[in-house]
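**Student:** Quick one, final.pdb (PDB, C-alpha atoms):
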ATOM      1  CA  ARG N 273     178.391 -94.159 115.746
ATOM      2  CA  ARG N 274     176.688 -93.278 119.014
ATOM      3  CA  ALA N 275     177.304 -95.095 122.252
ATOM      4  CA  ALA N 276     176.526 -94.935 125.950
ATOM      5  CA  ARG N 277     178.474 -96.779 128.615
ATOM      6  CA  VAL N 278     177.426 -96.875 132.253
ATOM      7  CA  MET N 279     179.608 -98.201 135.049
ATOM      8  CA  THR N 280     177.974 -98.895 138.412
ATOM      9  CA  VAL N 281     179.732 -99.726 141.671
ATOM     10  CA  ARG N 282     177.678-101.489 144.366
ATOM     11  CA  GLY N 283     179.147-103.231 147.360
ATOM     12  CA  GLY N 284     182.645-103.047 145.881
ATOM     13  CA  GLU N 285     181.525-104.764 142.673
ATOM     14  CA  THR N 286     181.625-102.903 139.345
ATOM     15  CA  THR N 287     179.215-103.670 136.518
ATOM     16  CA  THR N 288     179.283-102.176 133.046
ATOM     17  CA  ALA N 289     176.436-101.785 130.566
ATOM     18  CA  GLN N 290     176.640-100.268 127.125
ATOM     19  CA  LEU N 291     174.527 -99.523 124.097
ATOM     20  CA  VAL N 292     175.944 -98.781 120.647
ATOM     21  CA  SER N 293     174.124 -97.579 117.542
ATOM     22  CA  GLY N 294     175.537 -97.214 114.066
ATOM     23  CA  ALA N 295     172.648 -94.926 113.080
ATOM     24  CA  ASP N 296     173.038 -91.152 112.868
ATOM     25  CA  PHE N 297     171.210 -88.818 115.241
ATOM     26  CA  GLY N 298     167.590 -88.681 114.152
ATOM     27  CA  ASP N 299     167.729 -92.185 112.639
ATOM     28  CA  SER N 300     166.851 -94.019 115.853
ATOM     29  CA  PRO N 301     163.937 -96.450 115.775
ATOM     30  CA  GLU N 302     160.472 -95.074 116.391
ATOM     31  CA  VAL N 303     158.772 -96.234 119.561
ATOM     32  CA  GLU N 304     155.056 -95.951 120.308
ATOM     33  CA  ALA N 305     154.135 -93.292 122.881
ATOM     34  CA  VAL N 306     151.712 -93.770 125.776
ATOM     35  CA  GLY N 307     150.255 -90.292 125.290
ATOM     36  CA  GLU N 308     147.606 -88.499 127.347
ATOM     37  CA  GLY N 309     144.925 -91.077 126.638
ATOM     38  CA  GLY N 310     147.001 -93.966 127.978
ATOM     39  CA  MET N 311     148.029 -92.439 131.301
ATOM     40  CA  ALA N 312     145.210 -93.939 133.393
ATOM     41  CA  GLY N 313     146.174 -97.445 132.287
ATOM     42  CA  LEU N 314     149.752 -97.222 133.565
ATOM     43  CA  VAL N 315     149.126 -98.358 137.146
ATOM     44  CA  GLY N 316     151.168-101.517 137.720
ATOM     45  CA  ALA N 317     153.471-100.890 134.745
ATOM     46  CA  VAL N 318     157.143-100.011 135.149
ATOM     47  CA  LEU N 319     158.551 -96.566 134.371
ATOM     48  CA  HIS N 320     162.198 -96.657 133.293
ATOM     49  CA  GLU N 321     164.429 -93.604 133.598
ATOM     50  CA  PRO N 322     167.360 -93.951 131.168
ATOM     51  CA  ASP N 323     170.796 -92.987 132.447
ATOM     52  CA  GLY N 324     172.018 -89.529 131.409
ATOM     53  CA  ALA N 325     174.632 -91.089 129.117
ATOM     54  CA  VAL N 326     171.847 -92.780 127.120
ATOM     55  CA  ILE N 327     169.930 -89.505 126.885
ATOM     56  CA  ARG N 328     172.969 -87.429 125.841
ATOM     57  CA  ALA N 329     173.864 -89.986 123.146
ATOM     58  CA  GLY N 330     170.321 -89.785 121.745
ATOM     59  CA  LEU N 331     169.764 -93.497 122.365
ATOM     60  CA  VAL N 332     166.496 -93.478 124.319
ATOM     61  CA  THR N 333     164.394 -95.183 121.638
ATOM     62  CA  ASP N 334     167.329 -97.436 120.697
ATOM     63  CA  LEU N 335     167.322 -98.609 124.325
ATOM     64  CA  ALA N 336     163.574 -99.297 124.204
ATOM     65  CA  ALA N 337     163.940-101.225 120.945
ATOM     66  CA  SER N 338     166.754-103.352 122.413
ATOM     67  CA  TRP N 339     164.646-104.680 125.293
ATOM     68  CA  PRO N 340     162.892-108.062 125.102
ATOM     69  CA  VAL N 341     159.580-106.646 126.389
ATOM     70  CA  PRO N 342     157.200-104.260 124.582
ATOM     71  CA  THR N 343     158.320-100.780 125.577
ATOM     72  CA  ARG N 344     156.763 -97.378 124.892
ATOM     73  CA  GLN N 345     157.864 -93.809 125.520
ATOM     74  CA  LEU N 346     155.767 -91.891 128.007
ATOM     75  CA  ASP N 347     155.767 -88.982 125.525
ATOM     76  CA  PRO N 348     157.820 -88.593 122.307
ATOM     77  CA  HIS N 349     159.612 -85.591 123.831
ATOM     78  CA  LEU N 350     160.531 -87.187 127.168
ATOM     79  CA  ALA N 351     163.222 -89.678 128.113
ATOM     80  CA  TYR N 352     160.921 -91.931 130.143
ATOM     81  CA  LEU N 353     160.118 -95.456 128.974
ATOM     82  CA  VAL N 354     157.210 -97.655 130.078
ATOM     83  CA  ALA N 355     157.198-101.459 130.034
ATOM     84  CA  PRO N 356     154.963-104.136 131.572
ATOM     85  CA  GLU N 357     157.864-105.434 133.699
ATOM     86  CA  PRO N 358     161.253-104.199 134.896
ATOM     87  CA  VAL N 359     164.246-104.503 132.588
ATOM     88  CA  HIS N 360     167.509-104.713 134.502
ATOM     89  CA  ASP N 361     170.347-103.834 132.159
ATOM     90  CA  GLY N 362     172.213-101.066 133.992
ATOM     91  CA  LEU N 363     171.202 -98.402 131.454
ATOM     92  CA  ALA N 364     167.981 -97.300 133.169
ATOM     93  CA  ARG N 365     166.432 -97.168 136.634
ATOM     94  CA  ALA N 366     163.092 -98.892 137.117
ATOM     95  CA  HIS N 367     160.087 -97.638 139.127
ATOM     96  CA  ARG N 368     156.739 -99.428 139.612
ATOM     97  CA  ILE N 369     153.847 -97.024 138.856
ATOM     98  CA  GLU N 370     151.498 -97.096 141.864
ATOM     99  CA  ALA N 371     149.121 -94.269 140.873
ATOM    100  CA  VAL N 372     148.683 -91.558 138.250
ATOM    101  CA  HIS N 373     147.532 -88.116 139.426
ATOM    102  CA  GLY N 374     146.921 -84.887 137.582
ATOM    103  CA  PHE N 375     149.638 -82.357 138.412
ATOM    104  CA  HIS N 376     147.708 -79.979 140.661
ATOM    105  CA  LEU N 377     149.564 -78.846 143.774
ATOM    106  CA  ALA N 378     146.420 -78.588 145.912
ATOM    107  CA  SER N 379     145.333 -82.153 145.154
ATOM    108  CA  LEU N 380     148.883 -83.443 145.640
ATOM    109  CA  ARG N 381     149.012 -81.672 149.014
ATOM    110  CA  ARG N 382     145.748 -83.412 149.966
ATOM    111  CA  TRP N 383     147.148 -86.770 148.714
ATOM    112  CA  ALA N 384     150.304 -86.351 150.826
ATOM    113  CA  LYS N 385     148.305 -85.527 153.937
ATOM    114  CA  GLU N 386     145.773 -88.368 153.458
ATOM    115  CA  THR N 387     148.476 -90.975 152.791
ATOM    116  CA  GLY N 388     150.889 -89.809 155.507
ATOM    117  CA  VAL N 389     153.765 -88.710 153.276
ATOM    118  CA  GLY N 390     156.563 -87.177 155.344
ATOM    119  CA  ARG N 391     159.473 -87.526 152.907
ATOM    120  CA  LEU N 392     159.061 -86.813 149.212
ATOM    121  CA  ASP N 393     161.448 -87.360 146.309
ATOM    122  CA  VAL N 394     160.505 -85.489 143.135
ATOM    123  CA  LYS N 395     161.783 -86.225 139.623
ATOM    124  CA  LYS N 396     160.624 -84.264 136.604
ATOM    125  CA  ARG N 397     160.765 -83.820 132.846
ATOM    126  CA  GLY N 398     158.966 -81.174 130.826
ATOM    127  CA  ILE N 399     157.653 -79.355 133.929
ATOM    128  CA  ARG N 400     158.670 -75.794 134.811
ATOM    129  CA  GLU N 401     158.531 -76.103 138.607
ATOM    130  CA  THR N 402     161.652 -77.308 140.402
ATOM    131  CA  PRO N 403     161.593 -80.424 142.596
ATOM    132  CA  GLU N 404     162.271 -78.213 145.634
ATOM    133  CA  GLU N 405     159.277 -75.971 144.866
ATOM    134  CA  VAL N 406     156.977 -78.972 144.432
ATOM    135  CA  ARG N 407     158.252 -80.684 147.584
ATOM    136  CA  ARG N 408     157.733 -77.504 149.635
ATOM    137  CA  ALA N 409     154.226 -76.953 148.216
ATOM    138  CA  VAL N 410     153.127 -80.585 148.651
ATOM    139  CA  LEU N 411     154.519 -81.026 152.150
ATOM    140  CA  GLY N 412     153.189 -77.653 153.281
ATOM    141  CA  GLY N 413     156.519 -75.897 153.769
ATOM    142  CA  ALA N 414     157.971 -78.558 156.059
ATOM    143  CA  LYS N 415     161.727 -79.016 156.010
ATOM    144  CA  PRO N 416     162.875 -81.699 153.541
ATOM    145  CA  GLY N 417     162.304 -85.128 155.025
ATOM    146  CA  LEU N 418     160.153 -83.849 157.881
ATOM    147  CA  ARG N 419     156.432 -83.471 158.361
ATOM    148  CA  GLY N 420     155.817 -83.548 162.043
ATOM    149  CA  GLY N 421     158.964 -85.691 162.328
ATOM    150  CA  ALA N 422     157.476 -88.791 160.712
ATOM    151  CA  GLY N 423     155.700 -90.162 157.692
ATOM    152  CA  ARG N 424     156.170 -92.501 154.817
ATOM    153  CA  HIS N 425     158.661 -91.949 152.010
ATOM    154  CA  ALA N 426     157.113 -91.377 148.569
ATOM    155  CA  THR N 427     158.436 -90.615 145.089
ATOM    156  CA  LEU N 428     156.629 -88.552 142.449
ATOM    157  CA  VAL N 429     157.640 -88.348 138.797
ATOM    158  CA  LEU N 430     156.276 -85.188 137.194
ATOM    159  CA  ALA N 431     155.886 -85.145 133.425
ATOM    160  CA  ARG N 432     154.192 -83.199 130.667
ATOM    161  CA  VAL N 433     152.497 -85.697 128.383
ATOM    162  CA  GLY N 434     150.914 -84.070 125.375
ATOM    163  CA  ARG N 435     149.296 -80.888 126.673
ATOM    164  CA  SER N 436     148.635 -82.207 130.191
ATOM    165  CA  ARG N 437     150.794 -82.451 133.294
ATOM    166  CA  PHE N 438     150.855 -85.593 135.422
ATOM    167  CA  ALA N 439     152.326 -86.772 138.725
ATOM    168  CA  LEU N 440     153.116 -90.473 138.798
ATOM    169  CA  GLU N 441     153.472 -92.016 142.246
ATOM    170  CA  VAL N 442     156.218 -94.614 141.871
ATOM    171  CA  THR N 443     158.201 -97.106 143.929
ATOM    172  CA  PRO N 444     161.890 -97.477 142.970
ATOM    173  CA  LEU N 445     162.766-101.083 142.063
ATOM    174  CA  ASP N 446     166.569-100.783 141.835
TER     175      ASP N 446
END
Represent the structure from my file as structure tokens, please.
**Tutor:**
Amino acid sequence: RRAARVMTVRGGETTTAQLVSGADFGDSPEVEAVGEGGMAGLVGAVLHEPDGAVIRAGLVTDLAASWPVPTRQLDPHLAYLVAPEPVHDGLARAHRIEAVHGFHLASLRRWAKETGVGRLDVKKRGIRETPEEVRRAVLGGAKPGLRGGAGRHATLVLARVGRSRFALEVTPLD
């Protein structure tokens, strides 16, 4: 049996969520993948980032299969799930996908400048560069959280999907 249990404390209130599977590792349900060809159509969808306990227990696709909405994996090798709407169950964090960019530091630097990004959070899976390296390159070497002392706060999720690398601009929903 595999299981993941997540306890969250917010405002002095504790909530617990859990997922249990009687299947062995490798016997989890198969879930359709978005793949390279489906990346452009993700704007407006919700990217879910499963909690580390779900990932370590090998329950990522079990989680997707347990949800009441059609859910796909971003890539079969990544622990990111995509659904048409947010699922709030305590086992994953939800992010609305605002834009999908190719992962090219020069174009991301231009994007940050044109859209006034001053603070940048970076999450990643399947990408060699560290979040700190990407943040420094995109913000032009500015100290974390500062670009001329102001600017909007943005979040990028970097992922290798198939053979290509993408940067998803997301807005956290949790």
**Student:** Would you translate the PyMOL selection byres ((chain N and resi 425) around 12) into the concrete set of residues it matches in this file, as a ChimeraX atom specification?
**Tutor:** /N:384,387-394,411,416-419,422-424,426-428,441-444
**Student:** For CA of Gly310 (chain N) and CA of Arg408 (chain N), quote the distance in Å rounded to one decimal.
**Tutor:**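 Those two atoms sit 29.2 Å apart.
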**Student:** Which residue is closest to Glu357 (chain N)? Choose from N:Leu291, N:Val433, N:Ile369, N:Ala317 and count all atoms listed in the file.
**Tutor:**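 Among the listed residues, the smallest separation from Glu357 (chain N) belongs to N:Ala317.
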**Student:** Any idea what's packed within 12 Å of region 299-307 of chain N, counting all atoms listed in the file, ignoring anything in its chain fewer than 4 positions away? Could you give it as a ChimeraX atom specification?
**Tutor:** /N:273-274,292-295,311-314,317,319,329-339,342-355,431-438
**Student:** Could the residues in this selection be written to a file with C-alpha atoms, as a PDB file, in the frame of the given file?
**Tutor:**
ATOM      1  CA  ARG N 273     178.391 -94.159 115.746  1.00  0.00           C
ATOM      2  CA  ARG N 274     176.688 -93.278 119.014  1.00  0.00           C
ATOM      3  CA  VAL N 292     175.944 -98.781 120.647  1.00  0.00           C
ATOM      4  CA  SER N 293     174.124 -97.579 117.542  1.00  0.00           C
ATOM      5  CA  GLY N 294     175.537 -97.214 114.066  1.00  0.00           C
ATOM      6  CA  ALA N 295     172.648 -94.926 113.080  1.00  0.00           C
ATOM      7  CA  MET N 311     148.029 -92.439 131.301  1.00  0.00           C
ATOM      8  CA  ALA N 312     145.210 -93.939 133.393  1.00  0.00           C
ATOM      9  CA  GLY N 313     146.174 -97.445 132.287  1.00  0.00           C
ATOM     10  CA  LEU N 314     149.752 -97.222 133.565  1.00  0.00           C
ATOM     11  CA  ALA N 317     153.471-100.890 134.745  1.00  0.00           C
ATOM     12  CA  LEU N 319     158.551 -96.566 134.371  1.00  0.00           C
ATOM     13  CA  ALA N 329     173.864 -89.986 123.146  1.00  0.00           C
ATOM     14  CA  GLY N 330     170.321 -89.785 121.745  1.00  0.00           C
ATOM     15  CA  LEU N 331     169.764 -93.497 122.365  1.00  0.00           C
ATOM     16  CA  VAL N 332     166.496 -93.478 124.319  1.00  0.00           C
ATOM     17  CA  THR N 333     164.394 -95.183 121.638  1.00  0.00           C
ATOM     18  CA  ASP N 334     167.329 -97.436 120.697  1.00  0.00           C
ATOM     19  CA  LEU N 335     167.322 -98.609 124.325  1.00  0.00           C
ATOM     20  CA  ALA N 336     163.574 -99.297 124.204  1.00  0.00           C
ATOM     21  CA  ALA N 337     163.940-101.225 120.945  1.00  0.00           C
ATOM     22  CA  SER N 338     166.754-103.352 122.413  1.00  0.00           C
ATOM     23  CA  TRP N 339     164.646-104.680 125.293  1.00  0.00           C
ATOM     24  CA  PRO N 342     157.200-104.260 124.582  1.00  0.00           C
ATOM     25  CA  THR N 343     158.320-100.780 125.577  1.00  0.00           C
ATOM     26  CA  ARG N 344     156.763 -97.378 124.892  1.00  0.00           C
ATOM     27  CA  GLN N 345     157.864 -93.809 125.520  1.00  0.00           C
ATOM     28  CA  LEU N 346     155.767 -91.891 128.007  1.00  0.00           C
ATOM     29  CA  ASP N 347     155.767 -88.982 125.525  1.00  0.00           C
ATOM     30  CA  PRO N 348     157.820 -88.593 122.307  1.00  0.00           C
ATOM     31  CA  HIS N 349     159.612 -85.591 123.831  1.00  0.00           C
ATOM     32  CA  LEU N 350     160.531 -87.187 127.168  1.00  0.00           C
ATOM     33  CA  ALA N 351     163.222 -89.678 128.113  1.00  0.00           C
ATOM     34  CA  TYR N 352     160.921 -91.931 130.143  1.00  0.00           C
ATOM     35  CA  LEU N 353     160.118 -95.456 128.974  1.00  0.00           C
ATOM     36  CA  VAL N 354     157.210 -97.655 130.078  1.00  0.00           C
ATOM     37  CA  ALA N 355     157.198-101.459 130.034  1.00  0.00           C
ATOM     38  CA  ALA N 431     155.886 -85.145 133.425  1.00  0.00           C
ATOM     39  CA  ARG N 432     154.192 -83.199 130.667  1.00  0.00           C
ATOM     40  CA  VAL N 433     152.497 -85.697 128.383  1.00  0.00           C
ATOM     41  CA  GLY N 434     150.914 -84.070 125.375  1.00  0.00           C
ATOM     42  CA  ARG N 435     149.296 -80.888 126.673  1.00  0.00           C
ATOM     43  CA  SER N 436     148.635 -82.207 130.191  1.00  0.00           C
ATOM     44  CA  ARG N 437     150.794 -82.451 133.294  1.00  0.00           C
ATOM     45  CA  PHE N 438     150.855 -85.593 135.422  1.00  0.00           C
TER      46      PHE N 438
END
**Student:** Taking into account all atoms listed in the file, which residue in the set N:Ile327, N:Ala378, N:Leu363, N:Val406 is nearest to Thr288 (chain N)?
**Tutor:** N:Leu363
**Student:** Would you work out the distance separating CA of Val278 (chain N) from CA of Ala439 (chain N), expressed in Å to one decimal?
**Tutor:**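 The value is 27.8 Å.
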**Student:** Applied to the shown file, which residues does the PyMOL selection byres ((chain N and resi 445) around 8) return, written as a PyMOL selection string?
**Tutor:** chain N and resi 358+365-368+443-444+446
**Student:** Restricting the calculation to all atoms listed in the file, which member of N:Val281, N:Val341, N:Ala371, N:Ala364 is positioned closest to Glu321 (chain N)?
**Tutor:**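 So, comparing all the options, the nearest one is N:Ala364.
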**Student:** Can you measure CA of Leu377 (chain N) to CA of Lys395 (chain N) for me? One decimal in Å is fine.
**Tutor:**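 Rounded to one decimal, the two atoms are 14.9 Å apart.
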